[in-house]
Amino acid sequence: CEISRTTLKTGNIQLAVELPSGEDQNEWLAVNTIEFYNEISILYGVLAEFCTAETCPVMSAGPAYEYLWADGHDVTTPIKVSAGEYINFLMTWVENQLNNEGIFPTRLDAAFPTNFRNIIKIIFKRLFRIYAHIYHNHFPQIMSLGLECHLNTCFKHFIYFIDHFGLVEDKDLAPLGELVKKFRDCLLYTSDAADERTSV
């Protein structure tokens with residue numbers, strides 16, 4: 001698979017995900033959650049016209065994975081909706097979390113909730129599903145728009161971040177398991193090469 005080889009030259013993504021010295025981890029997770037949300041919002045926005053109820057009647061990532069929507073509040077029983085509806089529900093749900101002062105505090109004297117990391121994990125697990133849908137269902141459109149490098153770079157950054165902080169379990173990454181492995185292998189190769197240069 002050549003997909004994983006096509007990324008933008010953006011410097012060392014591995015270093016970019018690491019917690020800066022002296023930075024509060026929850027603050028770092030919060031800032032990056034907002035960044036990843038904005039990133040995928042822009043990416044999907046370009047594809048929204050292709051993701052209709054006719055082309056994508058269910059939210060899926062290939063034939064083996066289908067997602068039902070539930071937010072645990074307004075929708076407690078999982079329901080089948082089109083991919084476009086699912087992603088709109090999901091992005092609205094994430095935006096509501098980001099705008100909730102009790103979860104993502106903006107005041108300097110406010111503390112993050114004790115379950116903040118658990119909330120972050122749910123957000124990243126769900127954001128992954130949008131990447132999975134794009135790769136499985138809309139990669140031809142991504143190619144025709146010349147966005148494959150941008151998509152791959154965003155997803156590579158996403159994978160390195162969630163791996164570094166242990167935010168999504170491997171079983172939830174299964175729809176893109178092969179691509180995830182290639183990006184991880186690339187990271188190991190880069191790390192080994194850096195170690196060799198250091199030892200010379």
# chains A, B, ... in the order shown; residues from 1 in each chain; ligands from 1
$ residues_around --residues "A:Ile130" --least-positions-apart "6" --cutoff "10 Å" --atoms "only C-alpha atoms" --output "VMD selection string"
chain A and resid 40 to 41 43 to 44 59 to 61 83 86 to 87 90 to 91 136
$ write_last_selection --atoms "C-alpha atoms" --output "short mmCIF file (atom, residue, chain, number, x, y, z; two decimals), in the first residue's frame"
data_model
loop_
_atom_site.label_atom_id
_atom_site.label_comp_id
_atom_site.auth_asym_id
_atom_site.auth_seq_id
_atom_site.Cartn_x
_atom_site.Cartn_y
_atom_site.Cartn_z
CA ILE A 40 -11.11 16.99 10.53
CA SER A 41 -13.97 19.47 10.31
CA LEU A 43 -11.31 17.88 5.75
CA TYR A 44 -14.83 16.50 5.91
CA MET A 59 -22.14 5.35 8.59
CA SER A 60 -19.59 2.72 7.66
CA ALA A 61 -15.88 2.10 7.23
CA ALA A 83 -22.99 8.85 7.20
CA TYR A 86 -23.88 10.64 11.78
CA ILE A 87 -20.94 12.95 11.18
CA LEU A 90 -20.83 13.70 15.99
CA MET A 91 -19.29 17.07 15.18
CA HIS A 136 -12.96 3.68 2.90
#
$ closest_atom_pairs --of "stretch 86-162 of chain A" --to "stretch 177-185 of chain A" --cutoff "10 Å" --atoms "only C-alpha atoms" --output "tab-separated table"
residue	atom	partner	partner_atom	distance
A:Ala132	CA	A:Gly177	CA	9.9
A:Tyr135	CA	A:Leu179	CA	9.8
A:Asn152	CA	A:Phe183	CA	9.5
A:Phe155	CA	A:Val180	CA	8.9
A:Lys156	CA	A:Phe183	CA	6.4
A:His157	CA	A:Phe183	CA	9.5
A:Ile159	CA	A:Val180	CA	7.1
A:Tyr160	CA	A:Arg184	CA	7.7
$ write_last_selection --atoms "N, CA, C and O atoms" --output "PDB file, in the first residue's frame"
ATOM      1  N   ALA A 132     -11.903   6.959   9.211  1.00  0.00           N
ATOM      2  CA  ALA A 132     -12.146   5.621   8.657  1.00  0.00           C
ATOM      3  C   ALA A 132     -13.153   5.685   7.515  1.00  0.00           C
ATOM      4  O   ALA A 132     -12.982   5.035   6.475  1.00  0.00           O
ATOM      5  N   TYR A 135     -11.429   7.371   4.374  1.00  0.00           N
ATOM      6  CA  TYR A 135     -10.503   6.483   3.662  1.00  0.00           C
ATOM      7  C   TYR A 135     -11.242   5.374   2.906  1.00  0.00           C
ATOM      8  O   TYR A 135     -10.895   5.050   1.768  1.00  0.00           O
ATOM      9  N   ASN A 152      -3.360  12.276   4.594  1.00  0.00           N
ATOM     10  CA  ASN A 152      -2.416  11.345   5.213  1.00  0.00           C
ATOM     11  C   ASN A 152      -1.606  11.999   6.326  1.00  0.00           C
ATOM     12  O   ASN A 152      -1.330  11.380   7.354  1.00  0.00           O
ATOM     13  N   PHE A 155      -3.903  12.446   9.353  1.00  0.00           N
ATOM     14  CA  PHE A 155      -4.167  11.168  10.013  1.00  0.00           C
ATOM     15  C   PHE A 155      -2.922  10.635  10.711  1.00  0.00           C
ATOM     16  O   PHE A 155      -3.002  10.084  11.815  1.00  0.00           O
ATOM     17  N   LYS A 156      -1.773  10.806  10.099  1.00  0.00           N
ATOM     18  CA  LYS A 156      -0.513  10.382  10.716  1.00  0.00           C
ATOM     19  C   LYS A 156      -0.301  11.117  12.033  1.00  0.00           C
ATOM     20  O   LYS A 156       0.040  10.505  13.057  1.00  0.00           O
ATOM     21  N   HIS A 157      -0.530  12.418  12.034  1.00  0.00           N
ATOM     22  CA  HIS A 157      -0.420  13.227  13.253  1.00  0.00           C
ATOM     23  C   HIS A 157      -1.403  12.717  14.309  1.00  0.00           C
ATOM     24  O   HIS A 157      -1.058  12.567  15.497  1.00  0.00           O
ATOM     25  N   ILE A 159      -2.714   9.669  14.608  1.00  0.00           N
ATOM     26  CA  ILE A 159      -2.285   8.362  15.126  1.00  0.00           C
ATOM     27  C   ILE A 159      -1.129   8.519  16.106  1.00  0.00           C
ATOM     28  O   ILE A 159      -1.126   7.903  17.189  1.00  0.00           O
ATOM     29  N   TYR A 160      -0.141   9.324  15.766  1.00  0.00           N
ATOM     30  CA  TYR A 160       0.994   9.505  16.667  1.00  0.00           C
ATOM     31  C   TYR A 160       0.550  10.107  17.993  1.00  0.00           C
ATOM     32  O   TYR A 160       1.061   9.748  19.056  1.00  0.00           O
TER      33      TYR A 160
END
$ residues_around --residues "A:His138" --least-positions-apart "3" --cutoff "9 Å" --atoms "only C-alpha atoms" --output "VMD selection string"
chain A and resid 47 50 to 51 133 to 135 141 to 143
$ write_last_selection --atoms "N, CA and C atoms" --output "mmCIF file, in the first residue's frame"
data_model
loop_
_atom_site.group_PDB
_atom_site.id
_atom_site.type_symbol
_atom_site.label_atom_id
_atom_site.label_comp_id
_atom_site.auth_asym_id
_atom_site.auth_seq_id
_atom_site.Cartn_x
_atom_site.Cartn_y
_atom_site.Cartn_z
ATOM 1 N N LEU A 47 -15.575 17.294 1.623
ATOM 2 C CA LEU A 47 -16.178 16.084 1.056
ATOM 3 C C LEU A 47 -17.681 15.990 1.267
ATOM 4 N N PHE A 50 -20.181 15.083 -1.386
ATOM 5 C CA PHE A 50 -20.118 13.724 -1.937
ATOM 6 C C PHE A 50 -20.714 12.688 -0.979
ATOM 7 N N CYS A 51 -20.919 13.085 0.267
ATOM 8 C CA CYS A 51 -21.387 12.156 1.306
ATOM 9 C C CYS A 51 -22.874 12.386 1.543
ATOM 10 N N HIS A 133 -14.203 6.485 7.696
ATOM 11 C CA HIS A 133 -15.214 6.628 6.639
ATOM 12 C C HIS A 133 -14.614 7.299 5.411
ATOM 13 N N ILE A 134 -13.815 8.329 5.616
ATOM 14 C CA ILE A 134 -13.204 9.040 4.489
ATOM 15 C C ILE A 134 -12.302 8.106 3.684
ATOM 16 N N TYR A 135 -11.429 7.371 4.374
ATOM 17 C CA TYR A 135 -10.503 6.483 3.662
ATOM 18 C C TYR A 135 -11.242 5.374 2.906
ATOM 19 N N GLN A 141 -12.469 10.622 -4.182
ATOM 20 C CA GLN A 141 -12.699 12.072 -4.222
ATOM 21 C C GLN A 141 -11.495 12.831 -3.655
ATOM 22 N N ILE A 142 -10.903 12.280 -2.590
ATOM 23 C CA ILE A 142 -9.702 12.890 -2.012
ATOM 24 C C ILE A 142 -8.599 12.964 -3.073
ATOM 25 N N MET A 143 -8.431 11.879 -3.822
ATOM 26 C CA MET A 143 -7.420 11.833 -4.877
ATOM 27 C C MET A 143 -7.720 12.860 -5.979
#
$ select_by_dssp --residues "stretch 31-166 of chain A" --states "strand (DSSP E or B)" --output "PyMOL selection string"
chain A and resi 59-60+66-67+69+79
$ write_last_selection --atoms "all heavy atoms" --output "short mmCIF file (atom, residue, chain, number, x, y, z; two decimals), in the first residue's frame"
data_model
loop_
_atom_site.label_atom_id
_atom_site.label_comp_id
_atom_site.auth_asym_id
_atom_site.auth_seq_id
_atom_site.Cartn_x
_atom_site.Cartn_y
_atom_site.Cartn_z
N MET A 59 -23.49 4.94 8.19
CA MET A 59 -22.14 5.35 8.59
C MET A 59 -21.29 4.09 8.67
O MET A 59 -21.47 3.25 9.56
CB MET A 59 -22.18 6.06 9.94
CG MET A 59 -20.81 6.46 10.47
SD MET A 59 -19.92 7.57 9.35
CE MET A 59 -18.46 7.92 10.35
N SER A 60 -20.39 3.95 7.72
CA SER A 60 -19.59 2.72 7.66
C SER A 60 -18.14 3.04 7.37
O SER A 60 -17.77 4.15 6.99
CB SER A 60 -20.13 1.80 6.57
OG SER A 60 -20.02 2.43 5.30
N GLU A 66 -19.90 -0.87 10.68
CA GLU A 66 -21.02 0.07 10.60
C GLU A 66 -21.22 0.68 11.98
O GLU A 66 -21.14 -0.01 13.00
CB GLU A 66 -22.28 -0.66 10.15
CG GLU A 66 -23.49 0.25 10.00
CD GLU A 66 -24.73 -0.51 9.52
OE1 GLU A 66 -24.58 -1.33 8.59
OE2 GLU A 66 -25.81 -0.28 10.08
N TYR A 67 -21.46 1.99 12.01
CA TYR A 67 -21.61 2.70 13.28
C TYR A 67 -23.03 3.23 13.43
O TYR A 67 -23.58 3.82 12.49
CB TYR A 67 -20.62 3.86 13.36
CG TYR A 67 -19.17 3.46 13.22
CD1 TYR A 67 -18.45 3.77 12.07
CD2 TYR A 67 -18.53 2.75 14.24
CE1 TYR A 67 -17.12 3.39 11.94
CE2 TYR A 67 -17.20 2.37 14.11
CZ TYR A 67 -16.50 2.69 12.97
OH TYR A 67 -15.18 2.31 12.83
N TRP A 69 -25.58 5.75 15.78
CA TRP A 69 -25.40 6.96 16.58
C TRP A 69 -26.15 6.91 17.91
O TRP A 69 -27.30 6.52 17.98
CB TRP A 69 -25.85 8.21 15.82
CG TRP A 69 -25.75 9.43 16.70
CD1 TRP A 69 -26.77 10.13 17.27
CD2 TRP A 69 -24.54 10.02 17.18
NE1 TRP A 69 -26.28 11.14 18.06
CE2 TRP A 69 -24.90 11.10 18.02
CE3 TRP A 69 -23.18 9.75 16.97
CZ2 TRP A 69 -23.96 11.90 18.66
CZ3 TRP A 69 -22.24 10.54 17.61
CH2 TRP A 69 -22.63 11.61 18.43
N ILE A 79 -29.12 4.52 16.97
CA ILE A 79 -29.97 4.55 15.79
C ILE A 79 -29.12 4.53 14.51
O ILE A 79 -27.98 5.00 14.50
CB ILE A 79 -30.88 5.80 15.77
CG1 ILE A 79 -30.02 7.08 15.84
CG2 ILE A 79 -31.89 5.76 16.89
CD1 ILE A 79 -30.82 8.36 15.68
#
$ atom_distance --atom1 "atom CA of A:Asp24" --atom2 "atom CA of A:Leu108"
12.1 Å
$ closest_residue --among "A:Ala174, A:Cys154, A:Ala30, A:Leu19" --to "A:Glu101" --atoms "only C-alpha atoms"
A:Ala30
$ closest_residue --among "A:Asp163, A:Pro113, A:Arg129, A:Gly84" --to "A:Cys56" --atoms "only C-alpha atoms"
A:Gly84
